[in-house]
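Shown below: start04.pdb, with PDB, C-alpha atoms.
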ATOM      1  CA  MET Y  21      10.606  25.494  20.468
ATOM      2  CA  ASP Y  22       9.090  22.050  21.040
ATOM      3  CA  ARG Y  23      11.146  19.146  19.733
ATOM      4  CA  MET Y  24      10.127  15.663  18.578
ATOM      5  CA  LEU Y  25      11.686  12.398  17.432
ATOM      6  CA  ALA Y  26      11.548  11.480  13.733
ATOM      7  CA  ALA Y  27      13.029   8.700  11.590
ATOM      8  CA  ARG Y  28      14.653  10.625   8.733
ATOM      9  CA  LEU Y  29      16.154   9.334   5.504
ATOM     10  CA  HIS Y  30      19.161  11.183   4.062
ATOM     11  CA  VAL Y  31      18.457  10.397   0.414
ATOM     12  CA  PRO Y  32      21.937  10.858  -1.168
ATOM     13  CA  SER Y  33      23.567   8.405   1.281
ATOM     14  CA  ARG Y  34      20.382   6.322   1.868
ATOM     15  CA  THR Y  35      21.009   6.636   5.616
ATOM     16  CA  LEU Y  36      18.077   6.264   8.051
ATOM     17  CA  ARG Y  37      18.597   8.123  11.334
ATOM     18  CA  LEU Y  38      16.460   8.770  14.399
ATOM     19  CA  GLU Y  39      16.754  12.524  14.943
ATOM     20  CA  GLU Y  40      15.378  15.178  17.254
ATOM     21  CA  VAL Y  41      13.802  17.873  15.096
ATOM     22  CA  PRO Y  42      11.545  20.895  15.685
ATOM     23  CA  ARG Y  43       7.888  19.967  16.079
ATOM     24  CA  PRO Y  44       6.109  21.351  12.995
ATOM     25  CA  GLN Y  45       3.628  24.203  13.319
ATOM     26  CA  PRO Y  46       0.401  24.021  11.304
ATOM     27  CA  GLY Y  47       0.034  26.880   8.829
ATOM     28  CA  PRO Y  48      -3.227  28.109   7.275
ATOM     29  CA  GLY Y  49      -5.294  25.164   6.060
ATOM     30  CA  GLU Y  50      -3.047  22.650   7.833
ATOM     31  CA  VAL Y  51      -3.548  20.263  10.755
ATOM     32  CA  LEU Y  52      -0.926  18.919  13.151
ATOM     33  CA  VAL Y  53      -1.569  15.276  14.043
ATOM     34  CA  LYS Y  54      -0.166  13.394  17.033
ATOM     35  CA  VAL Y  55       0.899  10.106  15.454
ATOM     36  CA  GLU Y  56      -0.466   6.978  17.150
ATOM     37  CA  ALA Y  57       0.494   4.394  14.501
ATOM     38  CA  ALA Y  58       2.542   4.371  11.295
ATOM     39  CA  GLY Y  59       2.906   1.461   8.879
ATOM     40  CA  VAL Y  60       6.189   0.144   7.491
ATOM     41  CA  CYS Y  61       5.807  -0.565   3.768
ATOM     42  CA  LEU Y  62       8.017  -2.250   1.193
ATOM     43  CA  SER Y  63       8.149   1.139  -0.533
ATOM     44  CA  ASP Y  64       9.961   2.457   2.557
ATOM     45  CA  VAL Y  65      12.467  -0.383   2.217
ATOM     46  CA  HIS Y  66      12.946   0.530  -1.456
ATOM     47  CA  LEU Y  67      13.509   4.200  -0.597
ATOM     48  CA  ILE Y  68      16.220   3.156   1.850
ATOM     49  CA  ASP Y  69      17.868   0.630  -0.494
ATOM     50  CA  GLY Y  70      17.846   3.068  -3.423
ATOM     51  CA  THR Y  71      15.353   1.264  -5.664
ATOM     52  CA  LEU Y  72      12.968   4.239  -5.331
ATOM     53  CA  THR Y  73      13.954   7.921  -5.307
ATOM     54  CA  PRO Y  74      11.711  10.881  -4.403
ATOM     55  CA  LEU Y  75      10.927  13.012  -7.463
ATOM     56  CA  LEU Y  76       9.481  16.117  -5.812
ATOM     57  CA  LEU Y  77      11.341  16.350  -2.494
ATOM     58  CA  GLU Y  78      12.740  19.762  -1.577
ATOM     59  CA  GLY Y  79      16.112  19.223   0.078
ATOM     60  CA  ASP Y  80      17.841  15.897   0.599
ATOM     61  CA  THR Y  81      16.233  14.499   3.790
ATOM     62  CA  VAL Y  82      12.690  13.304   4.484
ATOM     63  CA  THR Y  83      10.782  11.781   7.392
ATOM     64  CA  LEU Y  84       9.489   8.441   6.070
ATOM     65  CA  GLY Y  85       6.001   6.992   6.571
ATOM     66  CA  HIS Y  86       2.960   7.251   4.297
ATOM     67  CA  GLU Y  87       0.580   5.052   6.349
ATOM     68  CA  VAL Y  88      -0.374   7.152   9.357
ATOM     69  CA  ALA Y  89      -3.179   7.397  11.924
ATOM     70  CA  GLY Y  90      -3.449   9.571  15.019
ATOM     71  CA  THR Y  91      -5.349  12.356  16.740
ATOM     72  CA  VAL Y  92      -5.648  16.033  15.859
ATOM     73  CA  ALA Y  93      -3.235  18.010  18.055
ATOM     74  CA  GLU Y  94      -3.715  21.477  16.589
ATOM     75  CA  ALA Y  95      -5.536  23.102  13.680
ATOM     76  CA  GLY Y  96      -4.051  25.948  11.656
ATOM     77  CA  ALA Y  97      -5.757  29.194  10.694
ATOM     78  CA  GLY Y  98      -8.979  28.802   8.757
ATOM     79  CA  VAL Y  99      -9.447  25.111   9.594
ATOM     80  CA  THR Y 100     -12.961  24.459  10.905
ATOM     81  CA  ALA Y 101     -13.516  20.827   9.899
ATOM     82  CA  TRP Y 102     -11.145  19.339  12.503
ATOM     83  CA  MET Y 103     -11.073  19.661  16.283
ATOM     84  CA  GLU Y 104      -8.383  18.733  18.785
ATOM     85  CA  GLY Y 105      -8.605  15.073  19.851
ATOM     86  CA  GLN Y 106     -10.401  13.793  16.737
ATOM     87  CA  ARG Y 107      -9.172  10.389  15.506
ATOM     88  CA  VAL Y 108      -7.957  10.594  11.911
ATOM     89  CA  VAL Y 109      -6.256   8.705   9.096
ATOM     90  CA  LEU Y 110      -3.827  10.740   7.005
ATOM     91  CA  HIS Y 111      -4.013  10.349   3.252
ATOM     92  CA  ALA Y 112      -0.889   8.853   1.678
ATOM     93  CA  GLY Y 113      -0.471  11.921  -0.483
ATOM     94  CA  GLU Y 114      -1.781  15.333  -1.489
ATOM     95  CA  VAL Y 115      -2.499  16.975  -4.815
ATOM     96  CA  ARG Y 116      -0.665  20.287  -5.115
ATOM     97  CA  ASP Y 117      -1.219  22.364  -8.272
ATOM     98  CA  GLY Y 118      -2.422  19.255 -10.083
ATOM     99  CA  VAL Y 119       0.596  17.168  -9.075
ATOM    100  CA  THR Y 120       0.418  14.235  -6.625
ATOM    101  CA  TYR Y 121       2.943  14.477  -3.803
ATOM    102  CA  THR Y 122       3.437  11.303  -1.741
ATOM    103  CA  ARG Y 123       3.670  11.599   2.049
ATOM    104  CA  GLY Y 124       6.903  10.285   3.486
ATOM    105  CA  VAL Y 125       8.489  10.451   0.031
ATOM    106  CA  ASP Y 126       8.053  13.943  -1.405
ATOM    107  CA  TYR Y 127       7.354  15.611   1.962
ATOM    108  CA  ASP Y 128       7.674  14.627   5.621
ATOM    109  CA  GLY Y 129       5.637  11.600   6.694
ATOM    110  CA  GLY Y 130       4.548   9.901   9.885
ATOM    111  CA  TRP Y 131       7.569   8.048  11.285
ATOM    112  CA  ALA Y 132       7.581  10.768  13.921
ATOM    113  CA  GLU Y 133       5.772  11.890  17.042
ATOM    114  CA  TYR Y 134       3.797  14.466  15.028
ATOM    115  CA  ALA Y 135       2.925  14.904  11.344
ATOM    116  CA  LEU Y 136       1.546  17.816   9.345
ATOM    117  CA  SER Y 137      -1.301  17.395   6.898
ATOM    118  CA  SER Y 138      -3.440  19.520   4.676
ATOM    119  CA  ALA Y 139      -6.898  19.704   6.252
ATOM    120  CA  ALA Y 140      -8.259  18.192   3.022
ATOM    121  CA  ALA Y 141      -5.964  15.142   3.273
ATOM    122  CA  LEU Y 142      -7.532  13.645   6.402
ATOM    123  CA  THR Y 143     -10.385  11.201   6.947
ATOM    124  CA  ALA Y 144     -12.098  10.609  10.292
ATOM    125  CA  LEU Y 145     -11.274   7.241  11.889
ATOM    126  CA  PRO Y 146     -14.248   5.596  13.641
ATOM    127  CA  ASP Y 147     -13.764   4.739  17.332
ATOM    128  CA  SER Y 148     -14.354   1.045  16.578
ATOM    129  CA  ILE Y 149     -11.242   0.759  14.368
ATOM    130  CA  PRO Y 150      -7.870   0.636  16.194
ATOM    131  CA  PHE Y 151      -5.154   3.083  15.127
ATOM    132  CA  GLU Y 152      -2.919   0.197  13.977
ATOM    133  CA  GLN Y 153      -5.549  -0.974  11.486
ATOM    134  CA  GLY Y 154      -6.508   2.562  10.488
ATOM    135  CA  ALA Y 155      -2.888   3.410   9.677
ATOM    136  CA  ILE Y 156      -2.433   0.705   7.040
ATOM    137  CA  ILE Y 157      -5.557   1.594   5.051
ATOM    138  CA  PRO Y 158      -4.080   4.537   3.053
ATOM    139  CA  ASP Y 159      -1.725   2.246   1.130
ATOM    140  CA  ALA Y 160      -1.739  -1.441   2.062
ATOM    141  CA  VAL Y 161      -5.542  -1.575   1.684
ATOM    142  CA  SER Y 162      -6.570   1.406  -0.449
ATOM    143  CA  THR Y 163      -3.982   0.780  -3.189
ATOM    144  CA  PRO Y 164      -5.333  -2.719  -3.943
ATOM    145  CA  TRP Y 165      -8.871  -1.367  -3.532
ATOM    146  CA  GLY Y 166      -8.177   1.216  -6.230
ATOM    147  CA  ALA Y 167      -6.509  -1.431  -8.391
ATOM    148  CA  VAL Y 168      -9.492  -3.776  -8.069
ATOM    149  CA  THR Y 169     -12.405  -1.354  -8.285
ATOM    150  CA  ALA Y 170     -11.096   1.529 -10.412
ATOM    151  CA  THR Y 171      -8.123   0.552 -12.613
ATOM    152  CA  GLY Y 172      -9.052  -3.139 -12.925
ATOM    153  CA  ALA Y 173     -12.829  -2.484 -12.801
ATOM    154  CA  VAL Y 174     -13.476  -6.057 -11.623
ATOM    155  CA  ARG Y 175     -17.061  -7.201 -11.948
ATOM    156  CA  PRO Y 176     -18.823  -9.970 -10.018
ATOM    157  CA  ALA Y 177     -18.024 -13.544 -11.121
ATOM    158  CA  GLU Y 178     -14.949 -12.514 -13.131
ATOM    159  CA  ALA Y 179     -11.931 -14.821 -12.882
ATOM    160  CA  VAL Y 180      -8.959 -13.011 -11.396
ATOM    161  CA  GLY Y 181      -5.353 -13.667 -10.416
ATOM    162  CA  VAL Y 182      -3.148 -12.014  -7.788
ATOM    163  CA  TRP Y 183       0.632 -12.315  -8.126
ATOM    164  CA  GLY Y 184       2.506 -11.538  -4.895
ATOM    165  CA  VAL Y 185       0.540 -12.128  -1.689
ATOM    166  CA  GLY Y 186       2.458  -9.741   0.564
ATOM    167  CA  GLY Y 187       1.369  -6.526   2.271
ATOM    168  CA  LEU Y 188      -0.814  -5.412  -0.655
ATOM    169  CA  GLY Y 189      -1.638  -8.695  -2.374
ATOM    170  CA  VAL Y 190      -3.236 -10.323   0.658
ATOM    171  CA  HIS Y 191      -5.621  -7.386   0.914
ATOM    172  CA  ALA Y 192      -6.325  -7.591  -2.823
ATOM    173  CA  VAL Y 193      -7.507 -11.174  -2.269
ATOM    174  CA  GLN Y 194      -9.855 -10.070   0.534
ATOM    175  CA  LEU Y 195     -11.202  -7.165  -1.504
ATOM    176  CA  LEU Y 196     -11.680  -9.264  -4.652
ATOM    177  CA  ARG Y 197     -13.689 -11.677  -2.525
ATOM    178  CA  ALA Y 198     -15.755  -8.753  -1.214
ATOM    179  CA  VAL Y 199     -16.634  -7.535  -4.728
ATOM    180  CA  GLY Y 200     -17.632 -11.015  -5.886
ATOM    181  CA  ALA Y 201     -14.720 -12.072  -8.114
ATOM    182  CA  CYS Y 202     -14.713 -15.821  -8.808
ATOM    183  CA  PRO Y 203     -12.518 -17.752  -8.971
ATOM    184  CA  ILE Y 204      -9.628 -15.956  -7.245
ATOM    185  CA  VAL Y 205      -6.215 -17.449  -8.022
ATOM    186  CA  ALA Y 206      -3.222 -16.393  -5.891
ATOM    187  CA  VAL Y 207       0.335 -16.948  -7.111
ATOM    188  CA  ASP Y 208       3.402 -16.723  -4.864
ATOM    189  CA  PRO Y 209       6.621 -18.753  -4.493
ATOM    190  CA  ASN Y 210       6.400 -18.531  -0.682
ATOM    191  CA  PRO Y 211       4.310 -21.345   0.910
ATOM    192  CA  VAL Y 212       3.458 -19.113   3.898
ATOM    193  CA  ALA Y 213       2.075 -16.495   1.508
ATOM    194  CA  ARG Y 214       0.017 -19.141  -0.303
ATOM    195  CA  GLU Y 215      -1.501 -20.307   2.995
ATOM    196  CA  ARG Y 216      -2.238 -16.682   3.827
ATOM    197  CA  ALA Y 217      -3.951 -16.248   0.456
ATOM    198  CA  LEU Y 218      -6.237 -19.223   1.050
ATOM    199  CA  ALA Y 219      -7.104 -17.925   4.532
ATOM    200  CA  ALA Y 220      -7.921 -14.525   2.986
ATOM    201  CA  GLY Y 221     -10.367 -16.077   0.521
ATOM    202  CA  ALA Y 222      -8.434 -17.282  -2.530
ATOM    203  CA  ASP Y 223      -9.957 -20.313  -4.266
ATOM    204  CA  LEU Y 224      -6.596 -21.584  -5.478
ATOM    205  CA  ALA Y 225      -3.016 -20.752  -4.429
ATOM    206  CA  LEU Y 226      -0.218 -21.709  -6.818
ATOM    207  CA  ASP Y 227       3.565 -21.669  -6.713
ATOM    208  CA  SER Y 228       4.849 -19.409  -9.498
ATOM    209  CA  SER Y 229       7.392 -22.121 -10.409
ATOM    210  CA  ASP Y 230       4.701 -24.804 -10.794
ATOM    211  CA  PRO Y 231       5.075 -26.221 -14.335
ATOM    212  CA  GLU Y 232       1.328 -26.959 -14.289
ATOM    213  CA  LEU Y 233       0.369 -23.349 -13.467
ATOM    214  CA  ARG Y 234      -1.147 -22.559 -16.869
ATOM    215  CA  ALA Y 235      -3.052 -25.840 -16.926
ATOM    216  CA  ARG Y 236      -4.361 -25.332 -13.389
ATOM    217  CA  ILE Y 237      -5.581 -21.823 -14.184
ATOM    218  CA  GLY Y 238      -7.145 -23.175 -17.372
ATOM    219  CA  ALA Y 239      -8.940 -25.855 -15.350
ATOM    220  CA  VAL Y 240     -10.539 -23.410 -12.862
ATOM    221  CA  THR Y 241     -11.563 -20.959 -15.613
ATOM    222  CA  ALA Y 242     -13.047 -23.544 -18.011
ATOM    223  CA  GLY Y 243     -10.178 -22.833 -20.389
ATOM    224  CA  ALA Y 244     -10.973 -19.127 -20.687
ATOM    225  CA  GLY Y 245      -8.084 -17.677 -18.637
ATOM    226  CA  LEU Y 246      -8.209 -14.724 -16.284
ATOM    227  CA  ALA Y 247     -10.341 -11.666 -16.968
ATOM    228  CA  ALA Y 248      -8.013  -9.618 -14.763
ATOM    229  CA  ALA Y 249      -4.537 -10.243 -13.338
ATOM    230  CA  PHE Y 250      -2.844  -8.096 -10.717
ATOM    231  CA  ASP Y 251       0.906  -7.796 -10.282
ATOM    232  CA  PHE Y 252       1.705  -6.786  -6.698
ATOM    233  CA  ALA Y 253       5.250  -8.127  -6.905
ATOM    234  CA  GLY Y 254       6.735  -5.657  -9.381
ATOM    235  CA  VAL Y 255       8.769  -8.390 -11.077
ATOM    236  CA  PRO Y 256       9.159  -8.698 -14.894
ATOM    237  CA  ALA Y 257       8.848 -12.511 -14.791
ATOM    238  CA  VAL Y 258       5.524 -12.159 -12.966
ATOM    239  CA  ARG Y 259       4.190  -9.870 -15.672
ATOM    240  CA  ALA Y 260       5.158 -12.295 -18.411
ATOM    241  CA  GLN Y 261       3.535 -15.190 -16.548
ATOM    242  CA  ALA Y 262       0.333 -13.234 -15.882
ATOM    243  CA  LEU Y 263       0.058 -12.202 -19.551
ATOM    244  CA  SER Y 264       0.369 -15.867 -20.579
ATOM    245  CA  VAL Y 265      -2.825 -16.798 -18.693
ATOM    246  CA  LEU Y 266      -4.990 -13.772 -19.550
ATOM    247  CA  ALA Y 267      -8.310 -14.307 -21.259
ATOM    248  CA  PRO Y 268      -9.214 -12.539 -24.504
ATOM    249  CA  LYS Y 269      -9.803  -8.861 -23.657
ATOM    250  CA  GLY Y 270      -8.214  -9.568 -20.269
ATOM    251  CA  ARG Y 271      -6.338  -6.844 -18.446
ATOM    252  CA  LEU Y 272      -3.099  -6.921 -16.514
ATOM    253  CA  VAL Y 273      -2.933  -4.319 -13.736
ATOM    254  CA  LEU Y 274       0.565  -3.290 -12.654
ATOM    255  CA  ALA Y 275       0.391  -2.274  -8.985
ATOM    256  CA  GLY Y 276       3.835  -3.474  -7.918
ATOM    257  CA  LEU Y 277       6.527  -0.887  -8.684
ATOM    258  CA  THR Y 278       9.725  -1.698 -10.548
ATOM    259  CA  ASP Y 279      12.273   0.257 -12.570
ATOM    260  CA  GLN Y 280      12.712  -2.738 -14.908
ATOM    261  CA  PRO Y 281      11.495  -2.660 -18.534
ATOM    262  CA  LEU Y 282       8.079  -4.015 -19.441
ATOM    263  CA  SER Y 283       7.970  -6.387 -22.406
ATOM    264  CA  VAL Y 284       5.292  -8.352 -24.253
ATOM    265  CA  ALA Y 285       6.673 -11.600 -25.692
ATOM    266  CA  ASP Y 286       4.120 -11.955 -28.513
ATOM    267  CA  GLY Y 287       2.783  -8.578 -29.591
ATOM    268  CA  THR Y 288       0.604 -10.020 -32.349
ATOM    269  CA  ARG Y 289      -1.157 -12.402 -29.939
ATOM    270  CA  PHE Y 290      -1.598  -9.555 -27.426
ATOM    271  CA  SER Y 291      -3.233  -7.332 -30.048
ATOM    272  CA  TYR Y 292      -5.297 -10.145 -31.587
ATOM    273  CA  LEU Y 293      -6.739 -10.971 -28.131
ATOM    274  CA  GLN Y 294      -7.293  -7.238 -27.493
ATOM    275  CA  GLN Y 295      -5.641  -7.463 -24.094
ATOM    276  CA  GLN Y 296      -4.673  -4.470 -21.960
ATOM    277  CA  ILE Y 297      -1.842  -3.531 -19.592
ATOM    278  CA  LEU Y 298      -2.810  -0.870 -17.057
ATOM    279  CA  GLY Y 299      -0.525   1.034 -14.718
ATOM    280  CA  HIS Y 300      -1.820   1.606 -11.205
ATOM    281  CA  TYR Y 301      -0.614   3.855  -8.391
ATOM    282  CA  GLY Y 302      -2.274   4.551  -5.038
ATOM    283  CA  SER Y 303      -5.977   5.352  -4.947
ATOM    284  CA  ASP Y 304      -8.452   8.213  -4.913
ATOM    285  CA  MET Y 305      -8.152   8.774  -1.145
ATOM    286  CA  PRO Y 306     -11.225  10.959  -0.523
ATOM    287  CA  VAL Y 307     -13.337   8.239  -2.172
ATOM    288  CA  ALA Y 308     -11.482   5.069  -1.162
ATOM    289  CA  LEU Y 309     -10.907   5.722   2.539
ATOM    290  CA  PRO Y 310     -14.560   6.360   3.514
ATOM    291  CA  GLN Y 311     -15.610   3.335   1.438
ATOM    292  CA  LEU Y 312     -13.090   1.054   3.149
ATOM    293  CA  LEU Y 313     -13.836   2.358   6.631
ATOM    294  CA  ARG Y 314     -17.534   1.684   5.969
ATOM    295  CA  LEU Y 315     -16.769  -1.871   4.835
ATOM    296  CA  ILE Y 316     -14.666  -2.499   7.947
ATOM    297  CA  GLU Y 317     -17.307  -1.000  10.268
ATOM    298  CA  GLY Y 318     -19.986  -3.064   8.505
ATOM    299  CA  GLY Y 319     -18.061  -6.282   9.030
ATOM    300  CA  ARG Y 320     -17.557  -6.941   5.315
ATOM    301  CA  VAL Y 321     -13.760  -7.058   5.641
ATOM    302  CA  ASP Y 322     -11.406  -7.492   8.598
ATOM    303  CA  PHE Y 323      -7.760  -6.483   8.482
ATOM    304  CA  SER Y 324      -6.874  -7.215  12.118
ATOM    305  CA  ALA Y 325      -4.715 -10.174  11.042
ATOM    306  CA  SER Y 326      -2.628  -7.839   8.860
ATOM    307  CA  VAL Y 327      -0.899  -6.196  11.824
ATOM    308  CA  SER Y 328       2.075  -8.538  12.221
ATOM    309  CA  GLY Y 329       3.841  -6.606  14.963
ATOM    310  CA  VAL Y 330       4.074  -3.242  16.727
ATOM    311  CA  LEU Y 331       7.460  -1.651  17.446
ATOM    312  CA  PRO Y 332       8.468   1.642  19.064
ATOM    313  CA  LEU Y 333       9.530   4.457  16.714
ATOM    314  CA  ALA Y 334      13.090   4.114  18.023
ATOM    315  CA  GLU Y 335      13.210   0.658  16.374
ATOM    316  CA  ALA Y 336      12.311   1.901  12.874
ATOM    317  CA  ALA Y 337      15.550   0.510  11.413
ATOM    318  CA  ARG Y 338      14.821  -2.872  12.994
ATOM    319  CA  ALA Y 339      11.300  -2.869  11.516
ATOM    320  CA  VAL Y 340      12.746  -2.141   8.069
ATOM    321  CA  GLU Y 341      15.226  -4.993   8.482
ATOM    322  CA  ARG Y 342      12.454  -7.417   9.512
ATOM    323  CA  LEU Y 343      10.391  -6.491   6.455
ATOM    324  CA  GLU Y 344      13.366  -6.594   4.093
ATOM    325  CA  LYS Y 345      14.431 -10.045   5.308
ATOM    326  CA  LYS Y 346      10.800 -11.221   5.605
ATOM    327  CA  GLU Y 347      11.424 -12.297   9.220
ATOM    328  CA  GLY Y 348       8.228 -14.042  10.304
ATOM    329  CA  ASP Y 349       6.670 -13.188   6.900
ATOM    330  CA  PRO Y 350       5.041  -9.956   8.125
ATOM    331  CA  VAL Y 351       2.110  -8.385   6.283
ATOM    332  CA  ARG Y 352       2.490  -5.013   8.004
ATOM    333  CA  LEU Y 353       4.682  -3.872  10.883
ATOM    334  CA  ILE Y 354       3.560  -0.800  12.803
ATOM    335  CA  LEU Y 355       5.648   1.899  14.498
ATOM    336  CA  ARG Y 356       4.228   3.600  17.601
ATOM    337  CA  PRO Y 357       5.900   6.836  18.767
TER
END
What would you get if you wrote out this structure as structure tokens?
Amino acid sequence: MDRMLAARLHVPSRTLRLEEVPRPQPGPGEVLVKVEAAGVCLSDVHLIDGTLTPLLLEGDTVTLGHEVAGTVAEAGAGVTAWMEGQRVVLHAGEVRDGVTYTRGVDYDGGWAEYALSSAAALTALPDSIPFEQGAIIPDAVSTPWGAVTATGAVRPAEAVGVWGVGGLGVHAVQLLRAVGACPIVAVDPNPVARERALAAGADLALDSSDPELRARIGAVTAGAGLAAAFDFAGVPAVRAQALSVLAPKGRLVLAGLTDQPLSVADGTRFSYLQQQILGHYGSDMPVALPQLLRLIEGGRVDFSASVSGVLPLAEAARAVERLEKKEGDPVRLILRP
């Protein structure tokens, strides 16, 4: 039987190992994809450090990687939509019996030479978009896209704030600019991240520890506050700060994941102002991916600057370490088998 290399996480011990495993065989309705690029996400770091735990995983070991692009290697029985050699982006998850399973968390992902996918969980990748950029779209780009357009329902000329300008937040800034939000305020304690936010299209970039933060946001919103605020940091202090600068009827969208409690300091004020807190996770892949690929092809957005480095699959642990320690402040690191 053919073998392949895969970066596998033993969940009970949180041990990441490069292993030689059998190359998967596509069953009915499945497609085997030769992986060309796989993104390294902060969620992967959190799976390894124990902050996140798979809920639906069968067994105790999983191949990581939910941001994956490649070419069709083989189609299973009954698959007519995909042909060998086609360039594809794999969706970051699949719905099975009404339940969302996340790739590289609840079933094997793309930190490997080959990855299996349901034929319905693929989107064609145009020739003009490199694999490295295609790979990051299913999470780093589509999650903020879903947060902005669906959960947050941002409308043109609305004042918005983005807390945490990392791998997702920087794309949120670009996408908010694309949908006409104004002004866009970015908040991050890291000066490199603030510079990145301004380059991506933010109108104002503030340090979260700035004692004048509320006044500055008041100044750029004519005292109204933010119609929508997005937490991409997953930090309780961020959520409290964002709530403090929300406009009446403003909404706080929680895209950053944390296992910490959520609290509202002044419940009466929150209710009186009719504000909302909205949880957000992922995106509607079959809708979001074609939309984003069209925007990239049409020159409306450009994510080439988001690829901060490309490493071989054998250096998966090193890539995780670089992201965890923020070496060089990467947006996205890519593994290439």
Legend entry - Pairwise distance for atom CA of Ala95 of chain Y and atom CA of Val330 of chain Y, rounded to one decimal in Å: 28.2 Å
Inset, instruction - Given the file shown, determine the residues that the PyMOL selection byres ((chain Y and resi 133) around 9) selects; report them as a list in words. - result: Met24, Leu25, Ala26, Arg43, Val53, Lys54, Val55, Glu56, Gly130, Trp131, Ala132, Tyr134, Ala135, Leu333, Arg356 and Pro357 of chain Y
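Residue nearest Ala89 of chain Y, chosen from Y:Ser324, Y:Thr143, Y:Thr171, Y:Thr71 and counting only C-alpha atoms: Y:Thr143.
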Go ahead and find all residues with at least one atom no further than 6 Å from (15.5, 10.4, 0.7) in the file's coordinates, using all atoms listed in the file; report them as an mmCIF file with C-alpha atoms, in the frame of the given file.
data_model
loop_
_atom_site.group_PDB
_atom_site.id
_atom_site.type_symbol
_atom_site.label_atom_id
_atom_site.label_comp_id
_atom_site.auth_asym_id
_atom_site.auth_seq_id
_atom_site.Cartn_x
_atom_site.Cartn_y
_atom_site.Cartn_z
ATOM 1 C CA LEU Y 29 16.154 9.334 5.504
ATOM 2 C CA HIS Y 30 19.161 11.183 4.062
ATOM 3 C CA VAL Y 31 18.457 10.397 0.414
ATOM 4 C CA ASP Y 80 17.841 15.897 0.599
ATOM 5 C CA THR Y 81 16.233 14.499 3.790
ATOM 6 C CA VAL Y 82 12.690 13.304 4.484
#
Please check which residues have atoms at most 10 Å from (-1.7, -17.9, 2.2) in the file's coordinates, counting only C-alpha atoms, and write them as a compact mmCIF listing (two decimals) with C-alpha atoms, in the frame of the given file.
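Output saved as point_9.txt:
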# COMPACT_ATOMS: atom_id res chain seq x y z
CA VAL Y 185 0.54 -12.13 -1.69
CA GLY Y 186 2.46 -9.74 0.56
CA VAL Y 190 -3.24 -10.32 0.66
CA VAL Y 193 -7.51 -11.17 -2.27
CA ALA Y 206 -3.22 -16.39 -5.89
CA VAL Y 207 0.34 -16.95 -7.11
CA ASP Y 208 3.40 -16.72 -4.86
CA ASN Y 210 6.40 -18.53 -0.68
CA PRO Y 211 4.31 -21.34 0.91
CA VAL Y 212 3.46 -19.11 3.90
CA ALA Y 213 2.08 -16.50 1.51
CA ARG Y 214 0.02 -19.14 -0.30
CA GLU Y 215 -1.50 -20.31 3.00
CA ARG Y 216 -2.24 -16.68 3.83
CA ALA Y 217 -3.95 -16.25 0.46
CA LEU Y 218 -6.24 -19.22 1.05
CA ALA Y 219 -7.10 -17.92 4.53
CA ALA Y 220 -7.92 -14.52 2.99
CA GLY Y 221 -10.37 -16.08 0.52
CA ALA Y 222 -8.43 -17.28 -2.53
CA LEU Y 224 -6.60 -21.58 -5.48
CA ALA Y 225 -3.02 -20.75 -4.43
CA LEU Y 226 -0.22 -21.71 -6.82
